[in-house]
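Novice: Below is the file my_file_29.csv, which contains CSV, C-alpha atoms.
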```csv
chain,number,residue,atom,x,y,z
U,139,MET,CA,-5.5,-199.6,74.4
U,140,LEU,CA,-9.0,-200.3,75.7
U,141,PHE,CA,-10.4,-197.3,77.5
U,142,ARG,CA,-13.1,-198.1,80.0
U,143,SER,CA,-15.7,-195.6,81.2
U,144,HIS,CA,-16.3,-195.1,84.9
U,145,PRO,CA,-19.0,-192.9,86.5
U,146,ILE,CA,-18.0,-190.5,89.2
U,147,ASN,CA,-20.8,-191.0,91.7
U,148,SER,CA,-19.1,-189.8,95.0
U,149,TYR,CA,-18.2,-186.3,95.9
U,150,TYR,CA,-14.9,-186.8,97.7
U,151,SER,CA,-12.9,-189.8,99.0
U,152,MET,CA,-12.0,-188.2,102.3
U,153,LYS,CA,-12.7,-184.9,104.1
U,154,VAL,CA,-11.4,-183.9,107.5
U,155,TYR,CA,-11.4,-181.1,109.9
U,156,GLY,CA,-9.9,-180.5,113.3
U,157,GLN,CA,-6.4,-181.4,114.4
U,158,GLY,CA,-3.7,-184.0,114.0
U,159,HIS,CA,-5.0,-186.0,111.0
U,160,VAL,CA,-2.7,-188.2,108.9
U,161,ILE,CA,-3.9,-189.3,105.4
U,162,ALA,CA,-1.2,-191.4,103.8
U,163,HIS,CA,-0.6,-194.1,101.2
U,164,ASN,CA,-4.1,-194.3,99.8
U,165,ALA,CA,-5.1,-195.2,96.2
U,166,ILE,CA,-8.0,-193.0,95.1
U,167,ALA,CA,-9.8,-193.0,91.8
U,168,PHE,CA,-13.0,-191.6,90.3
U,169,PHE,CA,-14.1,-189.0,92.9
U,170,HIS,CA,-15.2,-185.4,92.3
U,171,ASP,CA,-12.5,-184.3,94.8
U,172,GLY,CA,-9.7,-186.5,96.0
U,173,LEU,CA,-8.6,-185.4,99.5
U,174,CYS,CA,-10.0,-182.4,101.3
U,175,ILE,CA,-9.9,-180.3,104.4
U,176,SER,CA,-13.3,-179.0,105.3
U,177,THR,CA,-14.2,-175.8,103.5
U,178,HIS,CA,-17.2,-174.6,105.4
U,179,GLY,CA,-16.0,-171.0,105.8
U,180,ILE,CA,-13.8,-169.0,108.2
U,181,PRO,CA,-12.3,-171.0,111.1
U,182,ASP,CA,-14.5,-171.7,114.0
U,183,PRO,CA,-14.4,-169.3,117.0
U,184,ASP,CA,-12.8,-171.9,119.2
U,185,ARG,CA,-9.2,-172.5,118.3
U,186,LYS,CA,-9.4,-176.2,119.3
U,187,ASP,CA,-11.6,-176.7,116.3
U,188,TRP,CA,-9.3,-175.2,113.8
U,189,ALA,CA,-7.8,-177.3,111.0
U,190,VAL,CA,-4.2,-177.6,112.1
U,191,ALA,CA,-1.4,-180.1,112.1
U,192,ILE,CA,-2.7,-182.2,109.2
U,193,ASP,CA,-0.5,-184.4,107.0
U,194,ILE,CA,-1.4,-185.6,103.6
U,195,TYR,CA,1.3,-187.6,101.9
U,196,ASN,CA,2.2,-190.4,99.5
U,197,ASN,CA,-1.3,-190.8,98.1
U,198,ASP,CA,-2.0,-191.9,94.5
U,199,ILE,CA,-4.9,-190.1,92.9
U,200,TYR,CA,-6.4,-190.8,89.5
U,201,VAL,CA,-9.3,-189.0,87.7
U,202,THR,CA,-11.1,-186.3,89.7
U,203,GLY,CA,-14.0,-184.1,88.6
U,204,ASP,CA,-12.5,-181.1,90.3
U,205,ASP,CA,-9.2,-181.2,92.4
U,206,PHE,CA,-6.7,-183.8,93.5
U,207,ILE,CA,-6.0,-182.3,96.9
U,208,GLU,CA,-7.7,-179.3,98.7
U,209,GLY,CA,-6.0,-177.7,101.6
U,210,ASP,CA,-8.9,-175.2,101.6
U,211,GLY,CA,-9.9,-174.1,105.1
U,212,GLY,CA,-6.6,-175.1,106.7
U,213,VAL,CA,-5.1,-172.8,109.3
U,214,HIS,CA,-1.6,-173.8,110.5
U,215,ASN,CA,0.9,-176.6,109.7
U,216,ILE,CA,-0.9,-178.2,106.8
U,217,ARG,CA,1.6,-180.5,105.0
U,218,ILE,CA,0.8,-181.8,101.6
U,219,MET,CA,3.8,-183.8,100.4
U,220,ARG,CA,4.9,-186.5,97.9
U,221,ASN,CA,1.5,-187.1,96.4
U,222,ARG,CA,0.8,-188.0,92.8
U,223,GLY,CA,-2.2,-186.9,90.8
U,224,PHE,CA,-3.1,-187.8,87.2
U,225,ASN,CA,-6.1,-186.4,85.3
U,226,ALA,CA,-8.1,-183.7,87.2
U,227,ALA,CA,-10.9,-181.9,85.3
U,228,HIS,CA,-10.1,-178.6,87.1
U,229,THR,CA,-7.1,-178.3,89.4
U,230,GLY,CA,-4.1,-180.1,90.8
U,231,LEU,CA,-3.6,-178.6,94.2
U,232,SER,CA,-5.9,-176.1,95.9
U,233,ALA,CA,-5.5,-173.5,98.7
U,234,GLN,CA,-8.8,-171.6,98.6
U,235,PRO,CA,-7.9,-170.2,101.1
U,236,ILE,CA,-5.4,-170.9,103.8
U,237,PHE,CA,-6.0,-168.9,107.0
U,238,GLY,CA,-2.5,-167.8,108.0
U,239,GLY,CA,-0.4,-170.9,107.3
U,240,PRO,CA,2.1,-172.2,106.9
U,241,ALA,CA,0.6,-174.7,104.4
U,242,TYR,CA,3.3,-176.7,102.7
U,243,TYR,CA,3.0,-178.2,99.2
U,244,ILE,CA,6.2,-180.2,98.7
U,245,ARG,CA,7.4,-182.8,96.2
U,246,ASN,CA,4.0,-183.5,94.6
U,247,ILE,CA,3.5,-184.7,91.0
U,248,VAL,CA,0.6,-183.2,89.1
U,249,TYR,CA,-0.2,-184.2,85.5
U,250,ASN,CA,-3.0,-183.4,83.0
U,251,THR,CA,-5.1,-180.7,84.6
U,252,PRO,CA,-6.2,-177.3,83.2
U,253,VAL,CA,-5.1,-175.5,86.4
U,254,ALA,CA,-1.9,-176.1,88.3
U,255,LEU,CA,-2.7,-174.4,91.6
U,256,LYS,CA,-6.1,-173.0,92.7
U,257,PHE,CA,-4.6,-170.5,95.2
U,258,SER,CA,-7.5,-168.1,95.8
U,259,ASN,CA,-6.1,-165.4,98.1
U,260,PRO,CA,-4.5,-167.7,100.7
U,261,ALA,CA,-2.0,-166.4,103.3
U,262,GLY,CA,1.1,-168.4,104.2
U,263,VAL,CA,1.9,-171.0,101.6
U,264,VAL,CA,5.2,-172.7,100.9
U,265,VAL,CA,5.5,-174.4,97.5
U,266,LEU,CA,8.7,-176.4,97.1
U,267,HIS,CA,10.1,-179.1,94.8
U,268,ASN,CA,6.8,-179.9,92.9
U,269,THR,CA,6.7,-181.3,89.3
U,270,ILE,CA,3.6,-179.8,87.8
U,271,VAL,CA,2.6,-180.4,84.2
U,272,ALA,CA,0.1,-177.6,84.0
U,273,GLU,CA,0.1,-173.8,83.7
U,274,ASN,CA,0.1,-171.8,86.9
U,275,SER,CA,-1.6,-168.9,85.2
U,276,THR,CA,-4.9,-168.1,86.9
U,277,ASN,CA,-3.7,-164.6,88.2
U,278,GLN,CA,-4.8,-165.4,91.8
U,279,GLN,CA,-2.9,-163.3,94.3
U,280,VAL,CA,-1.1,-165.1,97.2
U,281,SER,CA,0.0,-163.4,100.4
U,282,ASN,CA,3.2,-164.5,102.2
U,283,ALA,CA,4.1,-167.1,99.6
U,284,HIS,CA,7.4,-168.8,99.1
U,285,PHE,CA,8.1,-170.8,95.9
U,286,ALA,CA,11.4,-172.5,95.1
U,287,ASN,CA,12.7,-175.5,93.2
U,288,ASN,CA,9.5,-176.3,91.4
U,289,LEU,CA,8.9,-177.3,87.8
U,290,PHE,CA,6.0,-175.7,85.9
U,291,MET,CA,5.7,-177.3,82.5
U,292,GLY,CA,3.5,-175.6,80.0
U,293,THR,CA,1.2,-177.9,78.0
U,294,GLY,CA,0.8,-175.9,74.8
U,295,ARG,CA,-2.3,-174.0,75.8
U,296,PRO,CA,-2.8,-170.6,74.2
U,297,GLY,CA,-1.6,-168.6,77.2
U,298,GLY,CA,1.4,-168.0,79.5
U,299,VAL,CA,3.0,-170.6,81.7
U,300,ALA,CA,3.0,-168.7,85.0
U,301,SER,CA,1.4,-165.9,87.0
U,302,LEU,CA,3.2,-165.1,90.3
U,303,GLY,CA,2.9,-162.5,93.0
U,304,GLY,CA,0.5,-160.9,95.4
U,305,PRO,CA,0.1,-158.0,97.9
U,306,THR,CA,2.8,-158.9,100.3
U,307,ALA,CA,6.2,-157.5,99.4
U,308,TYR,CA,8.1,-160.2,101.3
U,309,SER,CA,6.9,-163.1,99.2
U,310,THR,CA,9.6,-164.9,97.3
U,311,TYR,CA,9.7,-166.7,94.0
U,312,ASP,CA,13.1,-168.1,92.8
U,313,TYR,CA,15.0,-171.2,91.6
U,314,ASP,CA,12.0,-172.5,89.7
U,315,GLY,CA,12.0,-174.1,86.2
U,316,PHE,CA,9.4,-173.2,83.5
U,317,ARG,CA,8.5,-174.7,80.1
U,318,PRO,CA,7.1,-171.8,78.1
U,319,ASN,CA,4.2,-172.5,75.8
U,320,PRO,CA,5.2,-172.4,72.1
U,321,GLY,CA,3.9,-169.5,70.1
U,322,VAL,CA,2.8,-167.4,73.1
U,323,ASP,CA,4.1,-163.9,73.3
U,324,GLN,CA,3.6,-163.1,77.0
U,325,GLN,CA,4.6,-166.1,79.2
U,326,TYR,CA,4.9,-164.6,82.7
U,327,THR,CA,2.5,-162.3,84.6
U,328,TRP,CA,3.3,-160.4,87.7
U,329,ALA,CA,0.3,-160.2,90.1
U,330,GLY,CA,2.2,-158.0,92.5
U,331,SER,CA,4.7,-155.1,92.1
U,332,PRO,CA,8.0,-154.0,93.6
U,333,SER,CA,6.4,-150.6,94.2
U,334,THR,CA,3.2,-151.9,95.7
U,335,PRO,CA,3.1,-150.8,99.4
U,336,LEU,CA,2.9,-153.7,101.9
U,337,GLY,CA,-0.7,-154.7,102.4
U,338,ALA,CA,-2.0,-152.4,99.6
U,339,GLY,CA,-3.7,-155.3,97.9
U,340,GLY,CA,-1.7,-155.3,94.6
U,341,ARG,CA,-3.1,-154.2,91.3
U,342,GLY,CA,-6.3,-155.1,89.6
U,343,ARG,CA,-6.2,-158.0,87.1
U,344,GLY,CA,-6.4,-155.7,84.2
U,345,ASN,CA,-3.2,-153.9,85.2
U,346,MET,CA,-0.9,-156.9,85.7
U,347,PRO,CA,2.2,-156.6,83.6
U,348,SER,CA,3.3,-159.6,81.5
U,349,PHE,CA,6.7,-160.5,80.1
U,350,LYS,CA,7.9,-162.6,77.1
U,351,THR,CA,10.9,-164.2,78.8
U,352,LEU,CA,11.9,-165.2,82.3
U,353,ALA,CA,14.9,-162.9,82.1
U,354,GLU,CA,12.5,-159.9,81.4
U,355,PHE,CA,10.3,-161.0,84.3
U,356,ALA,CA,13.3,-161.2,86.6
U,357,ALA,CA,14.7,-157.9,85.6
U,358,ALA,CA,11.3,-156.1,86.2
U,359,THR,CA,10.2,-157.8,89.4
U,360,GLY,CA,13.4,-159.0,91.2
U,361,GLN,CA,11.9,-162.5,91.4
U,362,GLU,CA,13.1,-165.7,89.7
U,363,THR,CA,16.6,-164.3,89.2
U,364,HIS,CA,17.9,-167.9,89.4
U,365,GLY,CA,14.9,-169.4,87.5
U,366,VAL,CA,15.5,-171.3,84.3
U,367,GLU,CA,13.5,-172.2,81.1
U,368,LEU,CA,13.6,-175.8,80.0
U,369,ASP,CA,11.6,-178.4,78.1
U,370,TYR,CA,10.3,-182.0,78.5
U,371,ASP,CA,13.6,-183.5,77.4
U,372,ILE,CA,14.8,-183.0,81.1
U,373,PHE,CA,12.7,-186.1,82.0
U,374,GLU,CA,13.5,-189.7,81.4
U,375,LYS,CA,10.0,-190.2,79.9
U,376,ALA,CA,7.4,-187.5,79.8
U,377,ALA,CA,5.5,-185.3,77.3
U,378,ALA,CA,2.7,-182.8,77.5
U,379,PRO,CA,-0.9,-184.0,77.3
U,380,ASN,CA,-2.1,-184.0,73.7
U,381,PRO,CA,-4.4,-182.1,73.2
U,382,PRO,CA,-3.7,-179.7,76.1
U,383,PRO,CA,-6.2,-180.1,79.0
U,384,ASN,CA,-9.3,-178.0,78.8
U,385,SER,CA,-11.9,-177.8,81.6
U,386,SER,CA,-14.7,-177.5,79.1
U,387,VAL,CA,-13.8,-180.4,76.8
U,388,PRO,CA,-13.1,-183.8,78.3
U,389,GLY,CA,-9.8,-185.4,77.3
U,390,LYS,CA,-8.4,-188.8,77.6
U,391,PRO,CA,-6.9,-190.0,80.9
U,392,TYR,CA,-3.2,-190.8,81.1
U,393,GLU,CA,-1.6,-193.6,83.1
U,394,ALA,CA,1.1,-192.8,85.7
U,395,ALA,CA,2.9,-196.1,84.8
U,396,ASP,CA,3.6,-194.7,81.3
U,397,PHE,CA,5.6,-191.7,82.6
U,398,ASP,CA,9.0,-191.4,84.3
U,399,PHE,CA,9.6,-187.9,85.9
U,400,ARG,CA,13.1,-188.7,87.0
U,401,LEU,CA,15.6,-186.2,85.6
U,402,LYS,CA,18.1,-187.0,82.9
U,403,ALA,CA,21.7,-186.6,83.8
U,404,GLY,CA,23.0,-183.3,82.5
U,405,SER,CA,19.6,-181.6,82.0
U,406,ARG,CA,19.0,-178.0,83.0
U,407,ALA,CA,17.0,-179.1,86.1
U,408,ILE,CA,20.0,-180.9,87.6
U,409,ASP,CA,21.7,-178.9,90.4
U,410,ALA,CA,19.6,-175.8,89.5
U,411,GLY,CA,17.9,-175.5,92.9
U,412,VAL,CA,18.6,-173.9,96.2
U,413,LYS,CA,19.4,-175.7,99.5
U,414,ILE,CA,16.5,-175.6,102.0
U,415,PRO,CA,17.2,-177.1,105.4
U,416,ASN,CA,14.9,-180.0,106.4
U,417,VAL,CA,13.5,-180.2,102.9
U,418,ASN,CA,16.3,-181.3,100.6
U,419,ASP,CA,19.1,-182.3,102.9
U,420,GLY,CA,21.2,-185.0,101.4
U,421,PHE,CA,21.0,-183.8,97.8
U,422,SER,CA,23.7,-185.0,95.4
U,423,GLY,CA,25.8,-182.8,93.2
U,424,ARG,CA,26.5,-179.1,93.6
U,425,ALA,CA,23.0,-178.1,94.5
U,426,PRO,CA,19.5,-179.7,94.8
U,427,ASP,CA,17.7,-180.6,91.6
U,428,LEU,CA,14.4,-179.0,90.5
U,429,GLY,CA,11.1,-180.8,90.8
U,430,ALA,CA,9.8,-183.7,92.9
U,431,TYR,CA,12.7,-186.1,92.3
U,432,GLU,CA,16.4,-185.7,93.2
U,433,ALA,CA,18.6,-187.5,90.7
U,434,GLY,CA,20.0,-190.8,92.1
U,435,GLN,CA,17.5,-191.1,94.9
U,436,PRO,CA,14.6,-193.5,95.2
U,437,VAL,CA,11.2,-192.5,93.8
U,438,PRO,CA,8.5,-192.3,96.6
U,439,VAL,CA,6.0,-195.1,97.1
U,440,TYR,CA,2.6,-193.7,96.0
U,441,GLY,CA,-0.5,-195.4,97.3
U,442,PRO,CA,-0.6,-198.6,99.4
U,443,ARG,CA,2.8,-199.9,100.6
U,444,GLY,CA,3.7,-203.3,99.4
U,445,ARG,CA,1.8,-203.0,96.1
U,446,THR,CA,3.6,-204.9,93.3
U,447,GLY,CA,3.6,-204.2,89.6
U,448,THR,CA,3.3,-200.9,87.8
U,449,ARG,CA,-0.2,-201.1,86.2
U,450,PRO,CA,-3.1,-199.0,87.4
U,451,PHE,CA,-4.6,-199.8,90.8
U,452,TYR,CA,-8.2,-199.2,89.6
U,453,TRP,CA,-8.5,-201.9,87.0
```
Mind converting the file's structure to structure tokens?
Specialist:
Amino acid sequence: MLFRSHPINSYYSMKVYGQGHVIAHNAIAFFHDGLCISTHGIPDPDRKDWAVAIDIYNNDIYVTGDDFIEGDGGVHNIRIMRNRGFNAAHTGLSAQPIFGGPAYYIRNIVYNTPVALKFSNPAGVVVLHNTIVAENSTNQQVSNAHFANNLFMGTGRPGGVASLGGPTAYSTYDYDGFRPNPGVDQQYTWAGSPSTPLGAGGRGRGNMPSFKTLAEFAAATGQETHGVELDYDIFEKAAAPNPPPNSSVPGKPYEAADFDFRLKAGSRAIDAGVKIPNVNDGFSGRAPDLGAYEAGQPVPVYGPRGRTGTRPFYW
């Protein structure tokens, strides 16, 4: 295959603030950041200027110097859904921070990035049905978080696959699927604690307990009691980036057309989720499937509607 170099001369493809924006069905390549909400600091004193009711969906993003999508600076009803991102030098999806929420991250595909989620102390995030080929292991604490029906696929990096938790005792993490990294002793880190008083701020990073298996994590924390461990054989056609992504060493870009993240019949991700009204209504089988795609249902249209062919849009 011929690999072509392409400079990244622009900072971000689109950046919005205020209310009622819809960013949908765009093809985006070779920006530092893909799609962003303004991140200029705490919300403006006037509520009419807050970043609320913003929809970012069905976009196709390829090669970013930092993040695919940043919800940073959002306040209420930020909906980031059904987007696909391949090859980010830093992060797939960002919430740094969210000022109260809810901010929804639903049915996104993330592939080949060193960091799955840059969730730097946001409050009010809902993370559902995402397929993320990256470790969620940055030990960033999240308040009022609800994770369910996601796939977090370890890429073989020398660390654990997931760090979950935060200072609010009512956050929930369950019905997610994880691919542990081979040869790693401690796969799961708990950034909160069942004994942490509400609002006490959790424990320092040096005191976060880690666990070898998901079963041990669930027994100690009460979270992910329905979670499962699985591997890349759940997909029709997918594998980990090789070598694993590293923010300090550039790697080769991958093409979305070469992957098929639909789930194989009978795999551990099928019927392993939980029903969530208005999110996965109409699922087939005994229960919803894990990840971005429900088996037997059409794959979303990423990028411009009416585009024909499967080859990259940026050649």
Novice: Give me, as a Markdown table, each residue of region 305-401 of chain U that comes within 10 Å of region 188-208 of chain U, together with its shortest interatomic pair and the distance in Å at one decimal, counting only C-alpha atoms, with rows ordered by chain and rising residue number.
Specialist:
```
| residue | atom | partner | partner_atom | distance |
| --- | --- | --- | --- | --- |
| U:Ser385 | CA | U:Asp204 | CA | 9.3 |
| U:Pro391 | CA | U:Val201 | CA | 7.3 |
| U:Tyr392 | CA | U:Tyr200 | CA | 9.0 |
| U:Glu393 | CA | U:Tyr200 | CA | 8.5 |
| U:Ala394 | CA | U:Tyr200 | CA | 8.6 |
```
Novice: Using all atoms listed in the file, which of U:Ile247, U:Val213, U:Val154, U:Val264 sits nearest Ser309 (chain U)?
Specialist: U:Val264
Novice: Please identify all polymer residues within 12 Å of Ser386 (chain U), counting only C-alpha atoms, omitting same-chain residues fewer than 3 positions from it, and present them as a ChimeraX atom specification.
Specialist: /U:203-204,227-228,251-252,382-383,389
Novice: Only C-alpha atoms, please: the residues just picked out, written as a PDB file, in the coordinates of the input.
Specialist:
```
ATOM      1  CA  GLY U 203     -14.000-184.100  88.600  1.00  0.00           C
ATOM      2  CA  ASP U 204     -12.500-181.100  90.300  1.00  0.00           C
ATOM      3  CA  ALA U 227     -10.900-181.900  85.300  1.00  0.00           C
ATOM      4  CA  HIS U 228     -10.100-178.600  87.100  1.00  0.00           C
ATOM      5  CA  THR U 251      -5.100-180.700  84.600  1.00  0.00           C
ATOM      6  CA  PRO U 252      -6.200-177.300  83.200  1.00  0.00           C
ATOM      7  CA  PRO U 382      -3.700-179.700  76.100  1.00  0.00           C
ATOM      8  CA  PRO U 383      -6.200-180.100  79.000  1.00  0.00           C
ATOM      9  CA  GLY U 389      -9.800-185.400  77.300  1.00  0.00           C
TER      10      GLY U 389
END
```
Novice: Find the residue from U:Gly297, U:Val160, U:Pro235, U:Glu432 that sits nearest to Asp419 (chain U); use all atoms listed in the file when measuring.
Specialist: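 Between U:Gly297, U:Val160, U:Pro235, U:Glu432, the residue approaching Asp419 (chain U) most closely is U:Glu432.
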Novice: Quick one: residues within 8 Å of His364 (chain U), only C-alpha atoms, excluding same-chain residues fewer than 3 positions away - as a ChimeraX atom specification?
Specialist: /U:312-314
Novice: Could you pull the residues within 9 Å of Gln435 (chain U), counting all atoms listed in the file, minus those fewer than 3 positions along the same chain, as number ranges by chain?
Specialist: U: 421-422, 431-432
Novice: Kindly extract all protein, DNA and RNA residues lying within 8 Å of the coordinates (20.9, -180.9, 89.3) given in the file, considering only C-alpha atoms, and supply them as a ChimeraX atom specification.
Specialist: /U:403-411,422-428,432-433
Novice: Near Ser301 (chain U), within 7 Å and counting all atoms listed in the file, which residues show up once chain neighbours fewer than 6 positions away are dropped, as a PyMOL selection string?
Specialist: chain U and resi 274-277+326-329
Novice: Using all atoms listed in the file, determine which residues lie at most 9 Å from region 352-357 of chain U, disregarding the query and same-chain residues fewer than 2 positions distant; provide the list as a list in words.
Specialist: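 Everything that qualifies: Phe316, Gln325, Tyr326, Thr327, Trp328, Ser348, Phe349, Lys350, Thr359, Gly360, Gln361, Glu362, Thr363, His364, Gly365, Val366 and Glu367 of chain U.
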Novice: CA of Pro318 (chain U) and CA of Ala241 (chain U) are how many Å apart?
Specialist: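 If I compute the distance from CA of Pro318 (chain U) to CA of Ala241 (chain U), I get 27.2 Å.
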Novice: By how many Å are CA of Ala162 (chain U) and CA of Met291 (chain U) apart?
Specialist: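 Value for the CA of Ala162 (chain U)-CA of Met291 (chain U) distance: 26.5 Å.
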Novice: From the options U:Asn282, U:Asn416, U:Asn215, U:Gln157, which residue's atoms come nearest to Asp187 (chain U), counting only C-alpha atoms?
Specialist: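 That would be U:Gln157, the residue with the smallest distance to Asp187 (chain U).
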Novice: Rebuild all heavy atoms on region 175-183 of chain U, as a tab-separated table (two decimals), in the coordinates of the input?
Specialist:
```tsv
chain	number	residue	atom	x	y	z
U	175	ILE	N	-9.64	-180.89	103.09
U	175	ILE	CA	-9.90	-180.30	104.40
U	175	ILE	C	-11.25	-179.61	104.30
U	175	ILE	O	-11.60	-179.08	103.24
U	175	ILE	CB	-8.79	-179.38	104.84
U	175	ILE	CG1	-7.49	-180.18	105.06
U	175	ILE	CG2	-9.15	-178.62	106.11
U	175	ILE	CD1	-6.29	-179.32	105.33
U	176	SER	N	-12.02	-179.60	105.36
U	176	SER	CA	-13.30	-179.00	105.30
U	176	SER	C	-13.27	-177.55	104.88
U	176	SER	O	-12.39	-176.79	105.30
U	176	SER	CB	-14.00	-179.08	106.71
U	176	SER	OG	-15.28	-178.50	106.67
U	177	THR	N	-14.19	-177.14	104.04
U	177	THR	CA	-14.20	-175.80	103.50
U	177	THR	C	-15.45	-175.04	103.79
U	177	THR	O	-16.02	-174.35	102.95
U	177	THR	CB	-14.01	-175.90	101.94
U	177	THR	OG1	-15.07	-176.72	101.42
U	177	THR	CG2	-12.69	-176.52	101.55
U	178	HIS	N	-15.90	-175.14	105.04
U	178	HIS	CA	-17.20	-174.60	105.40
U	178	HIS	C	-17.17	-173.09	105.67
U	178	HIS	O	-18.21	-172.51	106.01
U	178	HIS	CB	-17.80	-175.32	106.57
U	178	HIS	CG	-16.99	-175.21	107.82
U	178	HIS	ND1	-16.10	-176.17	108.22
U	178	HIS	CD2	-16.94	-174.25	108.78
U	178	HIS	CE1	-15.54	-175.81	109.37
U	178	HIS	NE2	-16.04	-174.65	109.72
U	179	GLY	N	-16.01	-172.43	105.55
U	179	GLY	CA	-16.00	-171.00	105.80
U	179	GLY	C	-14.79	-170.63	106.65
U	179	GLY	O	-13.80	-171.36	106.74
U	180	ILE	N	-14.87	-169.47	107.30
U	180	ILE	CA	-13.80	-169.00	108.20
U	180	ILE	C	-13.62	-169.99	109.33
U	180	ILE	O	-14.56	-170.71	109.69
U	180	ILE	CB	-13.99	-167.59	108.64
U	180	ILE	CG1	-15.25	-167.49	109.50
U	180	ILE	CG2	-14.07	-166.64	107.46
U	180	ILE	CD1	-15.44	-166.12	110.13
U	181	PRO	N	-12.45	-170.05	109.97
U	181	PRO	CA	-12.30	-171.00	111.10
U	181	PRO	C	-13.26	-170.75	112.21
U	181	PRO	O	-13.72	-169.63	112.45
U	181	PRO	CB	-10.83	-170.67	111.54
U	181	PRO	CG	-10.16	-170.10	110.34
U	181	PRO	CD	-11.22	-169.33	109.62
U	182	ASP	N	-13.57	-171.83	112.92
U	182	ASP	CA	-14.50	-171.70	114.00
U	182	ASP	C	-13.97	-170.80	115.12
U	182	ASP	O	-12.75	-170.63	115.26
U	182	ASP	CB	-14.72	-173.12	114.64
U	182	ASP	CG	-15.46	-174.05	113.69
U	182	ASP	OD1	-16.28	-173.54	112.90
U	182	ASP	OD2	-15.20	-175.26	113.72
U	183	PRO	N	-14.84	-170.20	115.90
U	183	PRO	CA	-14.40	-169.30	117.00
U	183	PRO	C	-13.45	-169.95	117.96
U	183	PRO	O	-12.53	-169.32	118.48
U	183	PRO	CB	-15.69	-168.82	117.61
U	183	PRO	CG	-16.73	-168.99	116.56
U	183	PRO	CD	-16.31	-170.20	115.78
```
